[in-house]
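To start, the structure itself, in C-alpha cells.
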Amino acid sequence: MDERKKTIILGIETSCDETAAAVVADGREVISNVIYTQIPTHTLYGGVVPEIASREHVLKINQVIKKALEDAKMTWDDIDAVAVTYGPGLVGPLLIGVSTAKALAYAKGIPLVGVNHIEGHISANYLVDSESIGTVLSDSPSEQVSEEPSQFEPYMCLVASGGHSHIVRVDDYTKYTIIGRTHDDAAGEAFDKVARALGLGYPGGPKVDKLAREGNPGAISFPRATVGDSPYDFSFSGIKSAVLNYLNGAEMKGQEVNKADVAASFQQAVVDVLCDHTIKAAIDNNVKSVALAGGVAANSLLRDTMKERAEASGLTFRCPKLIYCTDNGAMIAAAGYHEFVEGRRADLYLNAIPNLKIGM
C-alpha cells in the first residue's frame with residue numbers, strides 16, 4: 001500500500017519585523033524555513049518603525065517565498081494550501097503578508113488559510129526538523145524540541161513576547177482558552193524598556209539575558225506583582241518602573257550602578273512571576289504538562305526555571321527549539337495545517353486584524 005500523501009503547507013509571517021516563509025508537512029515536519037530579519041535596520045532607531053518594516057517586507061517577501069520553495073525542492077504544484085498571519089500585529093506589515101498570500105492563492109488556485117499569530121507561536125511546539133534545516137539571517141542556537149504526544153493531551157502554555165503575555169490552556173490543536181494575561185506591559189516589552197534604560201539597545205530581550213549571566217540575581221529586590229484576585233494574570237509595569245526608579249535614584253545620588261546586577265535581578269523577578277503563575281494554572285486546571293512559546297521563550301533563565309519548577313511539580317515540560325520561538329513561517333504553517341484539516345478556509349476578503357484575539 002502506498003504511503004499516505006503528506007499535506008504540504010506554505011506558511012507566511014510578516015506581523016512585525018521578520019519576513020518569513022516556510023514549507024511544513026503535516027503540521028510537524030519542517031522542510032524549509034527562511035527568515036529575513038530587519039533587526040539591523042531597526043536597531044538604528046531603538047525599536048521597530050512600522051513604516052520602515054512595511055517597506056522592507058515589500059522588498060523581501062517574494063525572495064523569501066521563492067527561497068523557501070527552492071530549499072524545500074518543491075514547486076507550487078506540491079503546495080496544498082497557503083497559510084498566512086492576519087493578526088495580531090502591526091497593520092502595515094500584516095497587510096503585506098495577507099495581500100501576498102491572497103494573490104498567490106488566487107493565482108495558483110490553492111486554498112488560503114488565515115492564522116492567528118499567537119496560535120502560531122503555540123503550534124511551534126509541534127515542529128521537528130533535521131539539524132540542517134533553515135535559512136535564517138540571524139544567529140540562533142539549536143535545541144531539540146520535545147516529542148509531541150501520539151494522542152493529544154491538554155496542556156498549559158505560556159505565550160510571552162514583546163506584545164503578548166498569556167497563559168493559555170490548549171485543549172486541542174485549534175481549541176484555546178486564555179487563563180491569564182497581562183494587565184499592562186507584556187514581558188518582552190518590559191525587557192525592551194529596561195534594556196533601553198540600561199543603554200543596551202535593541203532588541204532588549206537577548207541583551208538583558210546575556211548581561212544577566214554576569215550579575216547577581218539576588219542583588220536588588222524588585223517587586224513580583226500580583227493582580228488582585230486574578231492569580232494567573234500579570235502586571236509588569238510596576239517592575240519596569242521600579243528599575244527606572246532605581247537607576248534614576250542612583251544617578252541623583254552619584255552612585256555607581258552595576259548594570260549586570262540590575263539586569264539579573266530584573267530578569268529573575270520577571271521569570272519568577274511567569275513560572276509561578278503558569279505552574280499554578282497547570283496544577284489548578286489539572287493538566288499534566290506546561291509549554292513555552294513566543295520570543296521571550298528563548299530566554300535561557302525562563303527555559304531553565306520553567307523546566308525545573310515543572311518537573312518539581314510532577315509536570316512534563318516542553319518548548320520549541322530557539323529558532324521557532326521568534327517569528328517564523330514554520331509555526332504559521334503548523335497552525336495553518338490544523339485549521340486546514342478541519343476544513344477552515346479564508347476567502348479573498350481576508351484582511352489584517354491588528355488586535356485579533358486568540359480563538360477567533
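Residues in the C-alpha cells are numbered from 1 in each chain, the chains being A, B, ... in the order shown, and ligands are numbered from 1 in the order shown.
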Using only C-alpha atoms, which residues sit within 6 Å of region 302-306 of chain A once same-chain residues fewer than 3 positions away are excluded, as a list of chain:residue names?
-> A:Val271, A:Cys275, A:Asn299, A:Arg309, A:Ala310
Any chance you could export the current selection's all heavy atoms as a short mmCIF file (atom, residue, chain, number, x, y, z; two decimals), in the first residue's frame?
data_model
loop_
_atom_site.label_atom_id
_atom_site.label_comp_id
_atom_site.auth_asym_id
_atom_site.auth_seq_id
_atom_site.Cartn_x
_atom_site.Cartn_y
_atom_site.Cartn_z
N VAL A 271 10.93 36.33 35.58
CA VAL A 271 10.86 34.87 35.38
C VAL A 271 10.12 34.20 36.54
O VAL A 271 9.33 33.27 36.33
CB VAL A 271 12.28 34.29 35.19
CG1 VAL A 271 12.27 32.76 35.32
CG2 VAL A 271 12.84 34.70 33.84
N CYS A 275 6.84 31.93 35.75
CA CYS A 275 6.84 30.50 36.09
C CYS A 275 5.82 30.17 37.17
O CYS A 275 5.06 29.18 37.04
CB CYS A 275 8.24 30.08 36.54
SG CYS A 275 9.47 30.10 35.23
N ASN A 299 14.49 33.01 26.27
CA ASN A 299 15.29 33.44 27.42
C ASN A 299 15.81 32.23 28.18
O ASN A 299 15.05 31.35 28.57
CB ASN A 299 14.43 34.32 28.34
CG ASN A 299 15.18 34.81 29.55
OD1 ASN A 299 15.27 34.12 30.55
ND2 ASN A 299 15.74 36.01 29.47
N ARG A 309 10.94 23.94 37.71
CA ARG A 309 9.75 24.04 38.56
C ARG A 309 8.63 23.12 38.07
O ARG A 309 7.85 22.60 38.89
CB ARG A 309 9.28 25.48 38.64
CG ARG A 309 10.31 26.39 39.30
CD ARG A 309 9.80 27.79 39.55
NE ARG A 309 10.87 28.64 40.05
CZ ARG A 309 10.74 29.93 40.35
NH1 ARG A 309 9.54 30.51 40.19
NH2 ARG A 309 11.75 30.63 40.78
N ALA A 310 8.55 22.92 36.76
CA ALA A 310 7.54 22.00 36.24
C ALA A 310 7.82 20.58 36.72
O ALA A 310 6.93 19.89 37.23
CB ALA A 310 7.52 22.06 34.71
#
Show me a table, sorted first by chain and then by increasing residue number, of the residues of region 1-82 of chain A having an atom at most 10 Å from region 313-333 of chain A, each with its shortest atom pair and the distance in Å to one decimal, counting only C-alpha atoms and written as a Markdown table.
| residue | atom | partner | partner_atom | distance |
| --- | --- | --- | --- | --- |
| A:Ile8 | CA | A:Ala333 | CA | 8.7 |
| A:Ile9 | CA | A:Ala333 | CA | 5.5 |
| A:Leu10 | CA | A:Ala333 | CA | 5.8 |
| A:Gly11 | CA | A:Ala333 | CA | 4.0 |
| A:Ile12 | CA | A:Gly329 | CA | 5.0 |
| A:Glu13 | CA | A:Gly329 | CA | 5.1 |
| A:Thr14 | CA | A:Asp327 | CA | 8.3 |
| A:Ser15 | CA | A:Asp327 | CA | 8.2 |
| A:Cys16 | CA | A:Asp327 | CA | 8.3 |
| A:Asp17 | CA | A:Asp327 | CA | 8.6 |
| A:Glu18 | CA | A:Asp327 | CA | 6.5 |
| A:Thr19 | CA | A:Asn328 | CA | 7.9 |
| A:Ala20 | CA | A:Gly329 | CA | 5.0 |
| A:Ala21 | CA | A:Gly329 | CA | 4.3 |
| A:Ala22 | CA | A:Gly329 | CA | 4.8 |
| A:Val23 | CA | A:Ala330 | CA | 6.6 |
| A:Val24 | CA | A:Ala333 | CA | 6.0 |
| A:Ala25 | CA | A:Ala333 | CA | 8.5 |
| A:Asp26 | CA | A:Ala333 | CA | 9.1 |
| A:Gly27 | CA | A:Ala333 | CA | 6.5 |
| A:Arg28 | CA | A:Ala330 | CA | 8.8 |
| A:Glu29 | CA | A:Ala330 | CA | 9.1 |
| A:Val30 | CA | A:Ala330 | CA | 6.6 |
| A:Ile31 | CA | A:Ala330 | CA | 8.9 |
| A:Ser32 | CA | A:Ala330 | CA | 8.0 |
| A:Asn33 | CA | A:Ala330 | CA | 6.2 |
| A:Val34 | CA | A:Gly329 | CA | 7.4 |
| A:Ile35 | CA | A:Asn328 | CA | 6.4 |
| A:Tyr36 | CA | A:Asn328 | CA | 9.3 |
| A:Thr37 | CA | A:Asp327 | CA | 9.4 |
| A:Ile65 | CA | A:Gly329 | CA | 9.8 |
| A:Ala68 | CA | A:Gly329 | CA | 9.5 |
| A:Ala81 | CA | A:Ala333 | CA | 9.1 |
| A:Val82 | CA | A:Ala333 | CA | 7.8 |
Next, write the just-selected residues to a file, as a compact mmCIF listing (two decimals), in the first residue's frame, keeping N, CA, C and O atoms as the atom set.
# COMPACT_ATOMS: atom_id res chain seq x y z
N ILE A 8 1.09 19.42 2.51
CA ILE A 8 2.18 20.40 2.48
C ILE A 8 1.61 21.81 2.55
O ILE A 8 0.82 22.21 1.68
N ILE A 9 2.01 22.56 3.55
CA ILE A 9 1.54 23.94 3.76
C ILE A 9 2.70 24.91 3.64
O ILE A 9 3.78 24.68 4.22
N LEU A 10 2.49 25.97 2.87
CA LEU A 10 3.44 27.10 2.85
C LEU A 10 2.96 28.13 3.84
O LEU A 10 1.82 28.61 3.75
N GLY A 11 3.78 28.46 4.84
CA GLY A 11 3.42 29.45 5.84
C GLY A 11 4.13 30.77 5.60
O GLY A 11 5.32 30.80 5.29
N ILE A 12 3.40 31.88 5.75
CA ILE A 12 3.94 33.23 5.55
C ILE A 12 3.70 34.05 6.80
O ILE A 12 2.58 34.10 7.33
N GLU A 13 4.74 34.71 7.28
CA GLU A 13 4.68 35.50 8.52
C GLU A 13 5.31 36.87 8.30
O GLU A 13 6.48 36.97 7.92
N THR A 14 4.51 37.94 8.52
CA THR A 14 5.03 39.31 8.40
C THR A 14 4.38 40.23 9.43
O THR A 14 4.09 41.38 9.13
N SER A 15 4.16 39.75 10.65
CA SER A 15 3.39 40.55 11.61
C SER A 15 4.18 41.69 12.23
O SER A 15 3.60 42.62 12.77
N CYS A 16 5.52 41.61 12.16
CA CYS A 16 6.33 42.67 12.77
C CYS A 16 7.55 42.97 11.91
O CYS A 16 7.41 43.59 10.85
N ASP A 17 8.72 42.50 12.32
CA ASP A 17 9.94 42.88 11.60
C ASP A 17 10.71 41.69 11.06
O ASP A 17 11.90 41.80 10.76
N GLU A 18 10.06 40.54 10.94
CA GLU A 18 10.66 39.39 10.26
C GLU A 18 9.81 39.05 9.05
O GLU A 18 8.59 38.92 9.16
N THR A 19 10.47 38.94 7.89
CA THR A 19 9.79 38.44 6.70
C THR A 19 10.13 36.97 6.61
O THR A 19 11.29 36.61 6.43
N ALA A 20 9.12 36.10 6.74
CA ALA A 20 9.42 34.69 6.88
C ALA A 20 8.47 33.83 6.05
O ALA A 20 7.29 34.16 5.89
N ALA A 21 9.00 32.73 5.55
CA ALA A 21 8.20 31.74 4.83
C ALA A 21 8.80 30.37 5.09
O ALA A 21 10.02 30.23 5.26
N ALA A 22 7.95 29.36 5.12
CA ALA A 22 8.42 28.00 5.41
C ALA A 22 7.49 27.00 4.75
O ALA A 22 6.32 27.28 4.50
N VAL A 23 8.04 25.82 4.49
CA VAL A 23 7.25 24.70 3.98
C VAL A 23 7.26 23.62 5.05
O VAL A 23 8.33 23.20 5.51
N VAL A 24 6.06 23.19 5.45
CA VAL A 24 5.92 22.22 6.53
C VAL A 24 4.96 21.11 6.11
O VAL A 24 3.91 21.39 5.50
N ALA A 25 5.31 19.88 6.41
CA ALA A 25 4.47 18.73 6.09
C ALA A 25 3.70 18.27 7.32
O ALA A 25 4.29 18.10 8.40
N ASP A 26 2.39 18.10 7.16
CA ASP A 26 1.52 17.55 8.21
C ASP A 26 1.61 18.33 9.52
O ASP A 26 1.46 17.76 10.61
N GLY A 27 1.88 19.60 9.43
CA GLY A 27 1.90 20.45 10.62
C GLY A 27 3.03 20.17 11.58
O GLY A 27 3.04 20.68 12.70
N ARG A 28 4.04 19.42 11.14
CA ARG A 28 5.07 18.97 12.07
C ARG A 28 6.48 18.96 11.46
O ARG A 28 7.43 19.44 12.07
N GLU A 29 6.62 18.43 10.27
CA GLU A 29 7.93 18.23 9.67
C GLU A 29 8.35 19.48 8.88
O GLU A 29 7.79 19.79 7.83
N VAL A 30 9.33 20.19 9.38
CA VAL A 30 9.82 21.41 8.71
C VAL A 30 10.73 21.00 7.55
O VAL A 30 11.79 20.40 7.76
N ILE A 31 10.31 21.36 6.35
CA ILE A 31 11.08 21.02 5.15
C ILE A 31 11.99 22.19 4.76
O ILE A 31 13.12 21.99 4.31
N SER A 32 11.49 23.39 4.94
CA SER A 32 12.33 24.58 4.74
C SER A 32 11.83 25.68 5.65
O SER A 32 10.66 25.71 6.04
N ASN A 33 12.73 26.60 6.01
CA ASN A 33 12.37 27.68 6.93
C ASN A 33 13.29 28.87 6.65
O ASN A 33 14.49 28.80 6.93
N VAL A 34 12.74 29.91 6.06
CA VAL A 34 13.54 31.06 5.64
C VAL A 34 13.05 32.30 6.38
O VAL A 34 11.86 32.59 6.41
N ILE A 35 13.99 33.02 6.98
CA ILE A 35 13.65 34.23 7.74
C ILE A 35 14.60 35.36 7.33
O ILE A 35 15.82 35.19 7.37
N TYR A 36 14.01 36.48 6.95
CA TYR A 36 14.81 37.70 6.75
C TYR A 36 14.51 38.62 7.92
O TYR A 36 13.38 39.09 8.11
N THR A 37 15.50 38.87 8.75
CA THR A 37 15.29 39.71 9.93
C THR A 37 15.70 41.15 9.64
O THR A 37 16.71 41.41 8.98
N ILE A 65 9.83 33.83 -0.10
CA ILE A 65 8.94 32.73 -0.50
C ILE A 65 9.61 31.86 -1.56
O ILE A 65 9.55 30.62 -1.48
N ALA A 68 12.13 29.69 0.10
CA ALA A 68 11.52 28.61 0.87
C ALA A 68 11.14 27.44 -0.03
O ALA A 68 11.36 26.27 0.33
N ALA A 81 -1.84 24.24 0.42
CA ALA A 81 -2.51 25.47 0.89
C ALA A 81 -1.46 26.49 1.31
O ALA A 81 -0.32 26.13 1.63
N VAL A 82 -1.88 27.75 1.31
CA VAL A 82 -1.04 28.85 1.80
C VAL A 82 -1.65 29.34 3.12
O VAL A 82 -2.84 29.67 3.18
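Ranking A:Thr85, A:Ala107, A:Glu51, A:Glu153 by their shortest atom-to-atom distance to Val287 (chain A), with only C-alpha atoms included, puts A:Glu153 first.
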Selection: 12 Å around Val58 (chain A), only C-alpha atoms, excl. self and same-chain fewer than 2 positions, as a list in words |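 Skipping anything fewer than 2 positions along the chain leaves Thr14, Asp17, Glu18, Thr19, Tyr36, Glu51, Ile52, Ala53, Ser54, Arg55, Glu56, Lys60, Ile61, Asn62, Gln63, Val64, Ile65, Gly92, Pro93, Leu94, Leu95, Ile96, Gly97, Val98, Ser99 and Thr100 of chain A.
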Can those selected residues be exported to a file as a compact mmCIF listing (two decimals), in the first residue's frame so that it contains N, CA, C and O atoms?
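Heads up, here's the output in selection_4.txt:
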# COMPACT_ATOMS: atom_id res chain seq x y z
N THR A 14 4.51 37.94 8.52
CA THR A 14 5.03 39.31 8.40
C THR A 14 4.38 40.23 9.43
O THR A 14 4.09 41.38 9.13
N ASP A 17 8.72 42.50 12.32
CA ASP A 17 9.94 42.88 11.60
C ASP A 17 10.71 41.69 11.06
O ASP A 17 11.90 41.80 10.76
N GLU A 18 10.06 40.54 10.94
CA GLU A 18 10.66 39.39 10.26
C GLU A 18 9.81 39.05 9.05
O GLU A 18 8.59 38.92 9.16
N THR A 19 10.47 38.94 7.89
CA THR A 19 9.79 38.44 6.70
C THR A 19 10.13 36.97 6.61
O THR A 19 11.29 36.61 6.43
N TYR A 36 14.01 36.48 6.95
CA TYR A 36 14.81 37.70 6.75
C TYR A 36 14.51 38.62 7.92
O TYR A 36 13.38 39.09 8.11
N GLU A 51 6.48 51.81 9.48
CA GLU A 51 6.54 52.18 8.07
C GLU A 51 7.76 51.58 7.39
O GLU A 51 7.68 51.09 6.26
N ILE A 52 8.89 51.60 8.08
CA ILE A 52 10.10 51.00 7.52
C ILE A 52 9.94 49.49 7.42
O ILE A 52 10.33 48.87 6.42
N ALA A 53 9.35 48.88 8.44
CA ALA A 53 9.13 47.44 8.41
C ALA A 53 8.27 47.04 7.21
O ALA A 53 8.57 46.06 6.52
N SER A 54 7.22 47.82 6.94
CA SER A 54 6.35 47.52 5.81
C SER A 54 7.11 47.56 4.50
O SER A 54 6.96 46.68 3.64
N ARG A 55 7.94 48.58 4.33
CA ARG A 55 8.71 48.70 3.07
C ARG A 55 9.69 47.55 2.92
O ARG A 55 9.88 47.02 1.81
N GLU A 56 10.30 47.15 4.02
CA GLU A 56 11.24 46.03 3.96
C GLU A 56 10.52 44.72 3.59
O GLU A 56 11.05 43.90 2.83
N LYS A 60 11.31 42.23 0.31
CA LYS A 60 11.89 40.91 0.55
C LYS A 60 10.94 39.73 0.43
O LYS A 60 11.40 38.59 0.28
N ILE A 61 9.63 39.96 0.50
CA ILE A 61 8.72 38.83 0.67
C ILE A 61 8.76 37.86 -0.51
O ILE A 61 8.75 36.63 -0.32
N ASN A 62 8.81 38.35 -1.73
CA ASN A 62 8.85 37.44 -2.88
C ASN A 62 10.12 36.60 -2.89
O ASN A 62 10.09 35.40 -3.19
N GLN A 63 11.23 37.22 -2.52
CA GLN A 63 12.51 36.49 -2.47
C GLN A 63 12.47 35.41 -1.39
O GLN A 63 12.98 34.29 -1.59
N VAL A 64 11.90 35.74 -0.24
CA VAL A 64 11.85 34.79 0.87
C VAL A 64 10.97 33.58 0.51
O VAL A 64 11.34 32.42 0.78
N ILE A 65 9.83 33.83 -0.10
CA ILE A 65 8.94 32.73 -0.50
C ILE A 65 9.61 31.86 -1.56
O ILE A 65 9.55 30.62 -1.48
N GLY A 92 0.48 47.53 8.95
CA GLY A 92 1.18 47.63 7.68
C GLY A 92 1.88 46.34 7.31
O GLY A 92 1.65 45.77 6.22
N PRO A 93 2.77 45.83 8.17
CA PRO A 93 3.41 44.55 7.89
C PRO A 93 2.42 43.41 7.67
O PRO A 93 2.61 42.58 6.77
N LEU A 94 1.36 43.33 8.47
CA LEU A 94 0.36 42.28 8.28
C LEU A 94 -0.24 42.33 6.88
O LEU A 94 -0.43 41.29 6.23
N LEU A 95 -0.54 43.53 6.41
CA LEU A 95 -1.17 43.68 5.10
C LEU A 95 -0.28 43.17 3.97
O LEU A 95 -0.78 42.64 2.98
N ILE A 96 1.03 43.32 4.13
CA ILE A 96 1.94 42.83 3.09
C ILE A 96 1.83 41.31 2.97
O ILE A 96 1.70 40.76 1.87
N GLY A 97 1.86 40.62 4.10
CA GLY A 97 1.76 39.17 4.08
C GLY A 97 0.41 38.70 3.59
O GLY A 97 0.33 37.78 2.75
N VAL A 98 -0.66 39.31 4.10
CA VAL A 98 -2.01 38.90 3.71
C VAL A 98 -2.24 39.14 2.22
O VAL A 98 -2.77 38.26 1.51
N SER A 99 -1.84 40.29 1.71
CA SER A 99 -2.04 40.59 0.30
C SER A 99 -1.26 39.63 -0.60
O SER A 99 -1.77 39.15 -1.62
N THR A 100 -0.04 39.33 -0.19
CA THR A 100 0.78 38.39 -0.96
C THR A 100 0.17 37.01 -0.97
O THR A 100 0.09 36.34 -2.01
Out of region 92-250 of chain A, which residues get alpha helix (DSSP H) from DSSP, as JSON, numbers by chain?
-> {"A": [92, 93, 94, 95, 96, 97, 98, 99, 100, 101, 102, 103, 104, 105, 106, 107, 108, 117, 118, 119, 120, 121, 122, 123, 187, 188, 189, 190, 191, 192, 193, 194, 195, 196, 197, 204, 205, 206, 207, 208, 209, 210, 211, 212, 237, 238, 239, 240, 241, 242, 243, 244, 245, 246, 247, 248, 249, 250]}
